[in-house]
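Visitor: Data: data25.txt, compact mmCIF, C-alpha atoms.
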# COMPACT_ATOMS: atom_id res chain seq x y z
CA MET A 1 -12.07 -120.64 -37.43
CA LYS A 2 -15.49 -120.98 -35.79
CA LYS A 3 -17.06 -121.77 -39.15
CA ALA A 4 -14.49 -124.49 -39.75
CA VAL A 5 -15.12 -126.07 -36.34
CA ALA A 6 -18.88 -125.94 -36.90
CA TRP A 7 -18.47 -127.55 -40.32
CA ILE A 8 -16.30 -130.34 -38.89
CA MET A 9 -18.84 -130.98 -36.10
CA ALA A 10 -21.73 -131.12 -38.59
CA VAL A 11 -19.88 -133.61 -40.76
CA SER A 12 -19.03 -135.68 -37.70
CA VAL A 13 -22.69 -135.80 -36.63
CA LEU A 14 -23.81 -136.84 -40.12
CA PHE A 15 -21.09 -139.48 -40.24
CA GLY A 16 -22.12 -140.75 -36.82
CA ILE A 17 -25.78 -141.01 -37.84
CA GLY A 18 -24.85 -142.85 -41.01
CA TYR A 19 -22.56 -145.20 -39.09
CA CYS A 20 -25.28 -145.90 -36.56
CA PHE A 21 -27.78 -146.94 -39.24
CA THR A 22 -25.30 -149.06 -41.16
CA GLY A 23 -23.60 -150.29 -38.02
CA CYS A 24 -26.88 -151.25 -36.36
CA SER A 25 -27.90 -153.04 -39.50
CA VAL A 26 -24.61 -154.92 -39.61
CA LEU A 27 -24.84 -155.65 -35.89
CA GLU A 28 -28.39 -156.92 -36.24
CA SER A 29 -27.46 -159.13 -39.17
CA PHE A 30 -24.53 -160.46 -37.14
CA LEU A 31 -26.40 -161.03 -33.86
CA GLY A 32 -29.76 -162.05 -35.33
CA PRO A 33 -28.82 -165.68 -35.98
CA ILE A 34 -27.13 -165.86 -32.57
CA LEU A 35 -30.16 -164.48 -30.72
CA SER A 36 -32.52 -166.87 -32.51
CA GLU A 37 -30.26 -169.90 -32.28
CA PRO A 38 -31.72 -172.57 -29.96
CA ILE A 39 -29.73 -172.83 -26.75
CA GLU A 40 -31.88 -175.57 -25.26
CA GLU A 41 -34.71 -177.79 -26.43
CA ALA A 42 -37.45 -179.60 -24.53
CA SER A 43 -36.51 -182.80 -26.34
CA ASP A 44 -33.17 -182.73 -24.52
CA TYR A 45 -34.98 -184.04 -21.43
CA THR A 46 -37.17 -187.03 -20.64
CA GLU A 47 -40.62 -186.61 -19.13
CA GLU A 48 -39.26 -187.65 -15.74
CA GLU A 49 -36.52 -185.04 -16.01
CA HIS A 50 -39.05 -182.35 -16.91
CA LEU A 51 -41.15 -183.27 -13.88
CA GLN A 52 -38.09 -182.98 -11.66
CA ARG A 53 -37.04 -179.66 -13.20
CA VAL A 54 -40.55 -178.25 -12.74
CA SER A 55 -40.62 -179.51 -9.15
CA ASP A 56 -37.29 -177.81 -8.43
CA LEU A 57 -38.61 -174.52 -9.79
CA VAL A 58 -41.87 -174.85 -7.84
CA GLU A 59 -39.83 -175.36 -4.66
CA LYS A 60 -37.88 -172.15 -5.29
CA ARG A 61 -40.86 -170.00 -6.28
CA TYR A 62 -43.68 -171.25 -4.07
CA MET A 63 -42.43 -173.37 -1.19
CA GLN A 64 -40.01 -171.12 0.66
CA GLU A 65 -40.41 -170.23 4.33
CA GLY A 66 -43.68 -168.39 4.97
CA SER A 67 -45.43 -169.89 1.95
CA GLU A 68 -49.22 -170.15 2.03
CA TYR A 69 -48.87 -173.67 0.64
CA THR A 70 -48.07 -176.76 2.67
CA SER A 71 -47.41 -179.19 -0.20
CA TYR A 72 -47.94 -179.68 -3.92
CA GLU A 73 -48.19 -182.26 -6.71
CA VAL A 74 -46.93 -181.89 -10.28
CA TYR A 75 -48.74 -183.70 -13.09
CA PRO A 76 -47.91 -183.95 -16.79
CA VAL A 77 -50.63 -182.71 -19.15
CA TYR A 78 -50.91 -183.73 -22.81
CA ASP A 79 -52.37 -182.16 -25.93
CA GLU A 80 -54.79 -183.72 -28.42
CA TYR A 81 -51.86 -185.42 -30.16
CA GLU A 82 -50.79 -187.23 -26.98
CA GLU A 83 -47.70 -185.04 -26.70
CA LEU A 84 -46.46 -183.59 -23.42
CA GLN A 85 -47.20 -179.87 -23.67
CA TYR A 86 -48.15 -178.70 -20.18
CA PHE A 87 -48.04 -179.38 -16.47
CA VAL A 88 -50.50 -178.64 -13.70
CA ILE A 89 -49.42 -177.88 -10.15
CA ASP A 90 -51.97 -178.63 -7.43
CA PHE A 91 -51.19 -176.97 -4.11
CA GLU A 92 -52.43 -177.76 -0.64
CA PRO A 93 -54.55 -176.62 1.05
CA GLU A 94 -55.73 -174.72 -2.05
CA GLY A 95 -54.35 -173.23 -5.23
CA TYR A 96 -53.07 -174.23 -8.65
CA VAL A 97 -51.13 -173.07 -11.67
CA TYR A 98 -50.77 -174.41 -15.20
CA ILE A 99 -47.38 -174.55 -16.90
CA LYS A 100 -46.67 -174.52 -20.64
CA LEU A 101 -43.66 -176.41 -21.95
CA ASN A 102 -41.81 -174.31 -24.53
CA LYS A 103 -40.20 -176.57 -27.11
CA VAL A 104 -37.26 -174.36 -28.11
CA ILE A 105 -35.41 -171.86 -25.92
CA VAL A 106 -33.45 -169.01 -27.49
CA THR A 107 -31.25 -166.27 -26.09
CA PHE A 108 -33.27 -163.55 -24.35
CA GLY A 109 -36.50 -165.53 -24.87
CA PRO A 110 -38.84 -166.98 -22.24
CA SER A 111 -37.69 -169.97 -20.22
CA MET A 112 -38.67 -173.55 -20.94
CA TYR A 113 -41.60 -173.30 -18.51
CA THR A 114 -44.22 -170.52 -18.68
CA ARG A 115 -46.80 -169.96 -15.93
CA SER A 116 -50.48 -169.19 -16.37
CA ASP A 117 -52.27 -166.92 -13.91
CA GLU A 118 -52.16 -168.48 -10.46
CA ASN A 119 -55.28 -169.56 -8.54
CA GLU A 120 -57.60 -168.13 -11.18
CA PHE A 121 -61.19 -168.27 -9.90
CA TRP A 122 -63.52 -170.29 -12.15
CA ARG A 123 -66.95 -171.85 -12.28
CA PRO A 124 -68.08 -174.92 -14.24
CA TYR A 125 -70.65 -173.99 -16.88
CA THR A 126 -72.51 -175.15 -19.97
CA TYR A 127 -73.81 -173.26 -22.97
CA ALA A 128 -77.56 -172.61 -22.99
CA PRO A 129 -78.54 -170.30 -25.90
CA GLY A 130 -81.31 -167.85 -25.07
CA THR A 131 -80.87 -167.98 -21.29
CA GLU A 132 -79.44 -165.63 -18.68
CA CYS A 133 -77.64 -166.57 -15.49
CA THR A 134 -76.79 -164.13 -12.68
CA VAL A 135 -74.06 -165.21 -10.28
CA PRO A 136 -71.71 -163.48 -7.83
CA ASP A 137 -68.18 -162.97 -9.09
CA GLU A 138 -65.13 -163.69 -6.96
CA ASN A 139 -65.65 -160.37 -5.13
CA GLY A 140 -69.34 -160.96 -4.43
CA GLU A 141 -70.62 -158.60 -7.15
CA MET A 142 -73.58 -159.96 -9.10
CA VAL A 143 -72.88 -160.46 -12.81
CA THR A 144 -75.33 -161.57 -15.50
CA TYR A 145 -74.18 -163.85 -18.30
CA GLU A 146 -76.08 -164.62 -21.48
CA ASP A 147 -76.29 -168.06 -23.11
CA ILE A 148 -74.53 -169.66 -20.14
CA LEU A 149 -75.70 -171.77 -17.20
CA PHE A 150 -73.36 -172.24 -14.26
CA ARG A 151 -73.36 -175.52 -12.38
CA GLN A 152 -75.08 -175.72 -8.99
CA ASP A 153 -74.85 -178.20 -6.15
CA GLU A 154 -77.80 -180.03 -4.58
CA ASN A 155 -78.52 -176.99 -2.40
CA GLY A 156 -78.69 -174.60 -5.35
CA ASN A 157 -75.33 -172.98 -4.63
CA TYR A 158 -73.09 -172.19 -7.57
CA TYR A 159 -69.80 -174.03 -7.67
CA GLY A 160 -66.70 -171.86 -7.60
CA PHE A 161 -63.08 -173.01 -7.38
CA ARG A 162 -59.52 -171.89 -6.83
CA ILE A 163 -58.23 -175.38 -7.43
CA SER A 164 -57.43 -176.91 -10.80
CA HIS A 165 -60.12 -178.36 -13.02
CA PHE A 166 -58.63 -181.80 -12.49
CA LYS A 167 -58.63 -181.57 -8.72
CA ALA A 168 -62.18 -180.16 -8.69
CA ALA A 169 -63.31 -183.25 -10.61
CA ASN A 170 -61.39 -185.59 -8.27
CA ILE A 171 -59.15 -186.85 -11.07
CA ALA A 172 -56.51 -189.11 -9.58
CA ASN A 173 -54.43 -191.36 -11.82
CA GLU A 174 -56.01 -190.61 -15.19
CA LYS A 175 -54.08 -189.00 -18.02
CA ARG A 176 -54.67 -185.26 -18.07
CA TYR A 177 -55.27 -183.25 -21.24
CA LEU A 178 -55.54 -179.64 -22.37
CA LEU A 179 -57.30 -179.70 -25.73
CA ARG A 180 -57.09 -176.77 -28.13
CA ILE A 181 -60.30 -175.50 -29.71
CA TYR A 182 -60.85 -172.86 -32.38
CA THR A 183 -63.49 -170.44 -33.57
CA LYS A 184 -65.36 -171.23 -36.75
CA SER A 185 -63.00 -168.87 -38.58
CA GLY A 186 -60.06 -170.99 -37.47
CA SER A 187 -58.65 -168.67 -34.80
CA PHE A 188 -57.40 -170.18 -31.54
CA LEU A 189 -60.14 -169.94 -28.92
CA GLY A 190 -59.00 -171.66 -25.75
CA LEU A 191 -58.04 -174.78 -23.84
CA VAL A 192 -60.31 -177.51 -22.54
CA PRO A 193 -59.10 -179.44 -19.47
CA ALA A 194 -60.24 -183.01 -20.04
CA VAL A 195 -59.78 -186.72 -19.42
CA LYS A 196 -60.74 -189.58 -21.70
CA ARG A 197 -63.97 -191.51 -21.40
CA GLY A 198 -63.86 -194.29 -23.98
CA ASP A 199 -63.72 -192.66 -27.41
CA LYS A 200 -64.87 -189.33 -25.95
CA TYR A 201 -63.55 -186.80 -23.46
CA LEU A 202 -64.99 -185.54 -20.21
CA ASN A 203 -64.87 -181.76 -20.44
CA LEU A 204 -63.85 -180.58 -16.96
CA VAL A 205 -65.29 -177.11 -17.54
CA SER A 206 -68.81 -178.25 -18.43
CA TRP A 207 -68.62 -181.62 -16.63
CA GLU A 208 -70.13 -183.19 -19.75
CA GLU A 209 -68.79 -185.73 -22.19
CA MET A 210 -67.82 -184.34 -25.58
CA GLU A 211 -66.62 -185.59 -28.92
CA PHE A 212 -63.32 -184.08 -29.92
CA TYR A 213 -61.02 -184.11 -32.91
CA PRO A 214 -57.86 -182.06 -33.58
CA GLY A 215 -58.79 -178.74 -35.15
CA LEU A 216 -62.27 -178.73 -33.62
CA GLN A 217 -63.90 -175.47 -34.72
CA THR A 218 -66.85 -174.51 -32.58
CA ASP A 219 -67.94 -171.69 -30.31
CA GLU A 220 -70.16 -174.06 -28.36
CA CYS A 221 -67.50 -175.95 -26.43
CA PRO A 222 -67.00 -174.62 -22.88
CA TYR A 223 -63.33 -173.92 -22.25
CA ALA A 224 -61.08 -172.67 -19.46
CA ASP A 225 -59.59 -169.21 -19.05
CA ILE A 226 -56.01 -170.45 -19.20
CA VAL A 227 -53.59 -167.99 -20.81
CA PHE A 228 -49.84 -168.25 -21.33
CA ILE A 229 -47.83 -165.11 -22.10
CA GLY A 230 -44.43 -165.74 -23.62
CA LYS A 231 -42.48 -163.20 -21.57
CA SER A 232 -39.80 -163.72 -18.96
CA ASP A 233 -42.09 -162.18 -16.31
CA PHE A 234 -44.13 -165.38 -16.53
CA ASP A 235 -41.23 -167.81 -16.28
CA LEU A 236 -41.71 -170.50 -13.65
Give the structure from the file, written as structure tokens.

Guide:
Amino acid sequence: MKKAVAWIMAVSVLFGIGYCFTGCSVLESFLGPILSEPIEEASDYTEEEHLQRVSDLVEKRYMQEGSEYTSYEVYPVYDEYEELQYFVIDFEPEGYVYIKLNKVIVTFGPSMYTRSDENEFWRPYTYAPGTECTVPDENGEMVTYEDILFRQDENGNYYGFRISHFKAANIANEKRYLLRIYTKSGSFLGLVPAVKRGDKYLNLVSWEEMEFYPGLQTDECPYADIVFIGKSDFDL
């Protein structure tokens, strides 16, 4: 009798394992299209509606009672193709965050608006091959950089900011851009905050004018440390 029970249990376990593999496969094939089906698209909203939606989310996340911020402004930011792709939030008295607009939203994916790191400390710089520059980091520790020169004011102090690149450059009503640049191998390198100056752009990391074209491939274009991670933890 015990042998019979043991045999039945063994068969049941094997059947269960087989069902799990086939069942999971069937379940995945059934749910896959549902999970990847767009439930919302950025094109469903106008630019004005996006600005209002972002503002509503900023109010909920950053402007509740006890907030370190007293006010804020939301600005649209465009890519090199003149398409709305980002937003920048400038806080008062200090602080900022960049927002990426996700074009298609799917079930269990990130929201339509993804945050970068908030109030990331940065310094304007230019490339200077063959040089070294030693500056204090945000904690006061001295760090030496090669092939880089950081910008200094008239008193020889290095600039350092926890406000957006646009606010640091006193950009008011100009159209804001984040331009994508690539390594010489074609890999994505980073984003350049910029505004137009005639047929060129003013790079707001180097504070120099630059020529730009979509697909620019160079390691000699100063860029910002702006990173977007497509996970729900970074939803606005």

Visitor: What's the 9 Å shell around Lys103 (chain A), counting all atoms listed in the file, without same-chain residues fewer than 4 positions away, as a list in words?

Guide: Glu40, Glu41, Ala42, Ser43, Gln85 and Met112 of chain A

Visitor: Pick the closest to Leu191 (chain A) from A:Tyr213, A:Tyr223, A:Tyr72, A:Phe161: which is it, counting all atoms listed in the file?

Guide: A:Tyr223

Visitor: Give me the residues near region 132-146 of chain A as a PyMOL selection string, where near means some atom within 12 Å (using only C-alpha atoms) and where sequence neighbours in that chain fewer than 6 positions away do not count.

Guide: chain A and resi 119-123+125-126+152+156-162

Visitor: For each of A:Gly230, A:Pro124, A:Pro193, A:Gly186, take the minimum atom-to-atom distance to Val77 (chain A), counting all atoms listed in the file, then give the residue where this is smallest.

Guide: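 Counting all atoms listed in the file, the residue closest to Val77 (chain A) is A:Pro193.
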
Visitor: Work out how far CA of Ile163 (chain A) is from CA of Gln64 (chain A), in Å to one decimal.

Guide: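 Separating CA of Gln64 (chain A) from CA of Ile163 (chain A) is a distance of 20.4 Å.
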
Visitor: When you draw a straight line from CA of Ile99 (chain A) to CA of Leu149 (chain A), how long is it in Å?

Guide: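 For CA of Ile99 (chain A) relative to CA of Leu149 (chain A), the distance reads 28.5 Å.
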
Visitor: Name the closest residue to Val97 (chain A) among the candidates A:Asp233, A:Asp225, A:Glu174, A:Asp199; distances are taken between atoms, counting only C-alpha atoms.

Guide: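 Comparing A:Asp233, A:Asp225, A:Glu174, A:Asp199 against Val97 (chain A), the winner is A:Asp225.
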
Visitor: From the list A:Val104, A:Cys221, A:Val74, A:Val227, which residue is nearest Asp44 (chain A) when using only C-alpha atoms?

Guide: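 Looking at the shortest contact to Asp44 (chain A), the residue is A:Val104.
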
Visitor: Taking 2 positions as the minimum chain separation for residues in the same chain, which residues sit within 12 Å of Tyr62 (chain A) when counting only C-alpha atoms? Answer as a ChimeraX atom specification.

Guide: /A:54-60,64-72,89-92,95-97,118,236

Visitor: Mind giving me the straight-line distance from CA of Arg115 (chain A) to CA of Ala168 (chain A) in Å, one decimal?

Guide: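 Pair CA of Arg115 (chain A) / CA of Ala168 (chain A) returns 19.8 Å.
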
Visitor: Show which residues sit within 8 Å of Asp219 (chain A), as an mmCIF file with C-alpha atoms, keeping the file's coordinate frame. Count all atoms listed in the file, and ignore same-chain residues fewer than 6 positions away.

Guide:
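The file below, part_5.cif, is the result:
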data_model
loop_
_atom_site.group_PDB
_atom_site.id
_atom_site.type_symbol
_atom_site.label_atom_id
_atom_site.label_comp_id
_atom_site.auth_asym_id
_atom_site.auth_seq_id
_atom_site.Cartn_x
_atom_site.Cartn_y
_atom_site.Cartn_z
ATOM 1 C CA TYR A 182 -60.850 -172.860 -32.380
ATOM 2 C CA THR A 183 -63.490 -170.440 -33.570
ATOM 3 C CA LYS A 184 -65.360 -171.230 -36.750
#

Visitor: For Ile181 (chain A), which residue among A:Ser232, A:Gly198, A:Glu208, A:Asp79 is the nearest when counting all atoms listed in the file?

Guide: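 Of all the options, A:Asp79 lies closest to Ile181 (chain A).
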
Visitor: Neighbouring residues of Asp235 (chain A) were defined as those with any atom within 7 Å, considering all atoms listed in the file; residues of the same chain fewer than 5 positions away were excluded. Please report them as an NGL selection string.

Guide: :A and (110-111 or 113-115)

Visitor: Mind dumping the selected residues with C-alpha atoms as an mmCIF file, keeping the file's coordinate frame?

Guide:
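Below you can see part32.cif, which holds the result:
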data_model
loop_
_atom_site.group_PDB
_atom_site.id
_atom_site.type_symbol
_atom_site.label_atom_id
_atom_site.label_comp_id
_atom_site.auth_asym_id
_atom_site.auth_seq_id
_atom_site.Cartn_x
_atom_site.Cartn_y
_atom_site.Cartn_z
ATOM 1 C CA PRO A 110 -38.840 -166.980 -22.240
ATOM 2 C CA SER A 111 -37.690 -169.970 -20.220
ATOM 3 C CA TYR A 113 -41.600 -173.300 -18.510
ATOM 4 C CA THR A 114 -44.220 -170.520 -18.680
ATOM 5 C CA ARG A 115 -46.800 -169.960 -15.930
#

Visitor: Go through A:Pro129, A:Ile226, A:Leu101, A:Leu216 one by one, measure the shortest atom-to-atom distance of each to Tyr78 (chain A) using only C-alpha atoms, and give the residue with the smallest value.

Guide: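 So, comparing all the options, the nearest one is A:Leu101.
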
Visitor: Enclose region 134-151 of chain A, meaning all of its atoms listed in the file, in a box aligned along x, y and z, pad it by 6 Å on each side, and list the centre and edge lengths in Å to one decimal, as AutoDock Vina command-line options.

Guide:
--center_x -71.0 --center_y -167.1 --center_z -13.8 --size_x 23.7 --size_y 28.9 --size_z 30.7
